[in-house]
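Have a look at the structure below, then the notes.
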Amino acid sequence: MTDAAASSVGPLVTGSEIARLAGVTRAAVSNWRRRYDDFPAPAGGAANSPLYALAEVQEWLDKQRKGQEVSPEVELWQTMRAAYGEQMVGGLAEVAAVLAGGREPKLPDDVAARVQGLAQTEAPVDLVNGLTERFMDSARRAGSDQVTPERVVRAVCHFAPELPADATVFDPACGIGVLLLSIAPEAGMRCCGQEMDADSARFAQLRADLLGRSGVRIVAGDSLRADEWPDLKADLVVCDPPAGVTEWGREELLLDSRWELGTPSKAEGELAWLQHAYAHTEPGGQVVMVMPASVAYRKAGRRIRSELVRRGIVRQVVALPPGTATSHALPIHLWCLRRPESTARADTNHTVRMIDLTDNSPDSTLEPRPDQVADVPLIELLDDTVDLTPGSHLRSRHRDYPGEYAALRKELEDQIRRLAALLPELTAGGGPGSLDSSTTSVADLARAGLVTYDGQEPISASEQLDTDYLQGFLRSSVNARRSTSASGTYRLDGRGSRIPRMGIDEQRRYGSAFRALSAFEEGMRKVDDLSRLLAEVARDGLATGALAPEG
């Protein structure tokens, strides 16, 4: 349908928006499209992302009474929440077991009745996928890190390598299996997972069974302390490990053979998970790890980061946009590793690709712009900190040093020329103290109504008093001492300060000179800032090779 034709039917909505209108999941809307012949036909969009006329959708929902009453899917979810509370994953596993043909259902009666009713009209896999979607959405809205967020899954899938149909994929902290099953969608792939929470592991396995994924095997257990896959070597390992966990088992695992890059400190549990994942790769195998941004620069992890770089293991670091992880607004990284085919040290001319997407929206494209990518030689990374933060390497590489240097130098030269013109022409006066004979205090001027205050700063409130003249004398060293308290605090208003008595014309003459001096001081501050910035650009440009001395 053309854009003109689509616009003639009024506002268009997506399948997700229909789900929100009806209070159901996207899976339920997909089910309606298949089950009901009178469901509205697409009015626009593409084949894989159709758009529907809002008026037609609302009319259809009204006719089906799905807009007026709570849907059976919502009723099931609400019943499960009441029955299981914080143990919802256990409830999901029990429902999945019943749908998979479990002989001894342990469901509460009201939950069992609703599941049986829905199973008569919906395919078990659609029902489980809908419940999974609701669980992920509730975790997102609660800011929980109980499951890998959809945006993180999308990013891992985007940056992961292409896999052959018979590849082996491993996730040692797989949760309910969302990341593992998304990264390896092909039915022929062998997928192995381990998860510490028994209910999550059981639900992940049951969901894989319902999806017809016979090559998926997920077991319960602590991957670091009790690895259930000790001999597994995978083509790809993906992992969204527990973040900020200090009790990961360091004391009992001090001599573990997995720490070939260095024993992680107690505070570096993420680097323990990283080495565990790396230990499960075959030569040429790859790892995509979700990491907190701080792991890229923390002092405690420097040695391990150094070994990752020296051996050519780390191939790419991606800084994802803030908000990608729903549990916090901080940016997170993806570390992409590859086990070398041989044990030889990497050539220092090799590079690590740094991608910085932190200026992007979390829902925007994951394809970086040219200025968001830099290939950094290993030798540049092997300094005192071994900082793997992409932003710290991109800023210098994409700066236009010649352009910046030329522009700053011209601005400084122009500013210096302007400064000379700002200085007022001053001649010899009557000598020190010649203006002290006839003065008045600011307090007297305020009582006479000639002074008011803009915040703490006194300004003229009368045609008889010039503001620049007033403030110029108040800033003199004599009045500064009068306005400074015993504790050393300076206040400009200084009600005890005194200024000379002068006619308004003479005040304006002095005020003009004081105003020019203030402008000169402001210009000097700009010159100081420009000088520092210019020296920094010149020094960094020379050091990086972006600038060179003439001749």
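Going through the structure tokens in order, the chains are called A, B, and so on, while each chain numbers its residues from 1 and the ligands are numbered from 1 in the order shown.
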Segment 429-445 of chain A surroundings by only C-alpha atoms, 10 Å radius, close-in-sequence under 3 positions cut, as a ChimeraX atom specification: /A:426,448-452,458,460-461,465,470,474,493-502
DSSP says strand (DSSP E or B) for which residues of segment 89-326 of chain A? Put them as number ranges by chain? A: 168-171, 190-195, 216-220, 234-239, 281-292, 314-319
Need to verify the contact set: Gly262 of chain A, 12 Å, only C-alpha atoms, exclusion of same-chain residues closer than 4 positions in sequence. Can you return it as a list in words? Leu254, Leu255, Asp256, Ser257, Arg258, Glu268, Leu271, Ala272, Leu274, Gln275, His276, Ala300, Gly301, Arg302, Arg303, Ile304, Arg305, Ser306, Glu307 and Leu308 of chain A
From a backbone DSSP assignment, name each residue in segment 176-250 of chain A labelled helix (DSSP H, G or I), as an MDAnalysis selection string. chainID A and resid 178:183 198:210
Preceding selection exported with N, CA, C and O atoms as a PDB file, in the first residue's frame:
```pdb
ATOM      1  N   VAL A 178      17.145 -16.747  27.778  1.00  0.00           N
ATOM      2  CA  VAL A 178      16.775 -15.808  26.709  1.00  0.00           C
ATOM      3  C   VAL A 178      17.963 -15.538  25.792  1.00  0.00           C
ATOM      4  O   VAL A 178      17.840 -15.609  24.556  1.00  0.00           O
ATOM      5  N   LEU A 179      19.124 -15.213  26.365  1.00  0.00           N
ATOM      6  CA  LEU A 179      20.289 -14.890  25.540  1.00  0.00           C
ATOM      7  C   LEU A 179      20.766 -16.104  24.755  1.00  0.00           C
ATOM      8  O   LEU A 179      21.032 -16.018  23.550  1.00  0.00           O
ATOM      9  N   LEU A 180      20.850 -17.250  25.399  1.00  0.00           N
ATOM     10  CA  LEU A 180      21.343 -18.458  24.739  1.00  0.00           C
ATOM     11  C   LEU A 180      20.461 -18.849  23.558  1.00  0.00           C
ATOM     12  O   LEU A 180      20.961 -19.146  22.462  1.00  0.00           O
ATOM     13  N   LEU A 181      19.147 -18.841  23.749  1.00  0.00           N
ATOM     14  CA  LEU A 181      18.235 -19.267  22.684  1.00  0.00           C
ATOM     15  C   LEU A 181      18.124 -18.218  21.583  1.00  0.00           C
ATOM     16  O   LEU A 181      17.781 -18.543  20.450  1.00  0.00           O
ATOM     17  N   SER A 182      18.431 -16.957  21.903  1.00  0.00           N
ATOM     18  CA  SER A 182      18.383 -15.903  20.887  1.00  0.00           C
ATOM     19  C   SER A 182      19.637 -15.906  20.026  1.00  0.00           C
ATOM     20  O   SER A 182      19.586 -15.651  18.825  1.00  0.00           O
ATOM     21  N   ILE A 183      20.796 -16.192  20.641  1.00  0.00           N
ATOM     22  CA  ILE A 183      22.055 -16.145  19.910  1.00  0.00           C
ATOM     23  C   ILE A 183      22.210 -17.348  19.000  1.00  0.00           C
ATOM     24  O   ILE A 183      22.951 -17.312  18.016  1.00  0.00           O
ATOM     25  N   ALA A 198      17.974 -23.014  40.297  1.00  0.00           N
ATOM     26  CA  ALA A 198      17.416 -24.260  39.761  1.00  0.00           C
ATOM     27  C   ALA A 198      16.111 -24.027  39.005  1.00  0.00           C
ATOM     28  O   ALA A 198      15.864 -24.656  37.968  1.00  0.00           O
ATOM     29  N   ASP A 199      15.241 -23.142  39.522  1.00  0.00           N
ATOM     30  CA  ASP A 199      13.972 -22.872  38.833  1.00  0.00           C
ATOM     31  C   ASP A 199      14.214 -22.254  37.459  1.00  0.00           C
ATOM     32  O   ASP A 199      13.549 -22.606  36.479  1.00  0.00           O
ATOM     33  N   SER A 200      15.161 -21.319  37.383  1.00  0.00           N
ATOM     34  CA  SER A 200      15.466 -20.687  36.092  1.00  0.00           C
ATOM     35  C   SER A 200      16.004 -21.702  35.104  1.00  0.00           C
ATOM     36  O   SER A 200      15.628 -21.703  33.930  1.00  0.00           O
ATOM     37  N   ALA A 201      16.922 -22.568  35.583  1.00  0.00           N
ATOM     38  CA  ALA A 201      17.489 -23.594  34.695  1.00  0.00           C
ATOM     39  C   ALA A 201      16.391 -24.532  34.192  1.00  0.00           C
ATOM     40  O   ALA A 201      16.356 -24.903  33.003  1.00  0.00           O
ATOM     41  N   ARG A 202      15.487 -24.934  35.085  1.00  0.00           N
ATOM     42  CA  ARG A 202      14.410 -25.852  34.694  1.00  0.00           C
ATOM     43  C   ARG A 202      13.487 -25.197  33.666  1.00  0.00           C
ATOM     44  O   ARG A 202      13.111 -25.822  32.666  1.00  0.00           O
ATOM     45  N   PHE A 203      13.125 -23.935  33.907  1.00  0.00           N
ATOM     46  CA  PHE A 203      12.241 -23.244  32.971  1.00  0.00           C
ATOM     47  C   PHE A 203      12.918 -23.069  31.617  1.00  0.00           C
ATOM     48  O   PHE A 203      12.287 -23.260  30.563  1.00  0.00           O
ATOM     49  N   ALA A 204      14.207 -22.724  31.615  1.00  0.00           N
ATOM     50  CA  ALA A 204      14.917 -22.559  30.354  1.00  0.00           C
ATOM     51  C   ALA A 204      14.919 -23.858  29.546  1.00  0.00           C
ATOM     52  O   ALA A 204      14.704 -23.848  28.325  1.00  0.00           O
ATOM     53  N   GLN A 205      15.152 -24.981  30.219  1.00  0.00           N
ATOM     54  CA  GLN A 205      15.169 -26.261  29.520  1.00  0.00           C
ATOM     55  C   GLN A 205      13.777 -26.621  28.982  1.00  0.00           C
ATOM     56  O   GLN A 205      13.634 -27.058  27.838  1.00  0.00           O
ATOM     57  N   LEU A 206      12.734 -26.411  29.809  1.00  0.00           N
ATOM     58  CA  LEU A 206      11.370 -26.731  29.375  1.00  0.00           C
ATOM     59  C   LEU A 206      10.939 -25.853  28.201  1.00  0.00           C
ATOM     60  O   LEU A 206      10.291 -26.326  27.261  1.00  0.00           O
ATOM     61  N   ARG A 207      11.311 -24.580  28.240  1.00  0.00           N
ATOM     62  CA  ARG A 207      10.955 -23.689  27.136  1.00  0.00           C
ATOM     63  C   ARG A 207      11.653 -24.136  25.851  1.00  0.00           C
ATOM     64  O   ARG A 207      11.050 -24.124  24.769  1.00  0.00           O
ATOM     65  N   ALA A 208      12.932 -24.529  25.969  1.00  0.00           N
ATOM     66  CA  ALA A 208      13.653 -25.031  24.796  1.00  0.00           C
ATOM     67  C   ALA A 208      12.973 -26.289  24.247  1.00  0.00           C
ATOM     68  O   ALA A 208      12.852 -26.461  23.028  1.00  0.00           O
ATOM     69  N   ASP A 209      12.516 -27.162  25.143  1.00  0.00           N
ATOM     70  CA  ASP A 209      11.823 -28.381  24.707  1.00  0.00           C
ATOM     71  C   ASP A 209      10.543 -28.039  23.949  1.00  0.00           C
ATOM     72  O   ASP A 209      10.237 -28.633  22.907  1.00  0.00           O
ATOM     73  N   LEU A 210       9.776 -27.082  24.491  1.00  0.00           N
ATOM     74  CA  LEU A 210       8.534 -26.689  23.831  1.00  0.00           C
ATOM     75  C   LEU A 210       8.794 -26.036  22.487  1.00  0.00           C
ATOM     76  O   LEU A 210       7.960 -26.119  21.573  1.00  0.00           O
TER      77      LEU A 210
END
```
Rank nothing, just name the residue among A:Glu506, A:Asp166, A:Glu252, A:Asp356 nearest to Ala184 of chain A, using only C-alpha atoms. A:Asp166
Shell around Gly403 of chain A at 12 Å using only C-alpha atoms, local window under 6 positions removed, as a list in words: Arg409, Lys410, Leu534, Val537, Ala538, Gly541, Ala546 and Leu547 of chain A
Just the number, please: distance in Å from atom CA of Phe514 of chain A to atom CA of Gln471 of chain A, one decimal. 8.3 Å
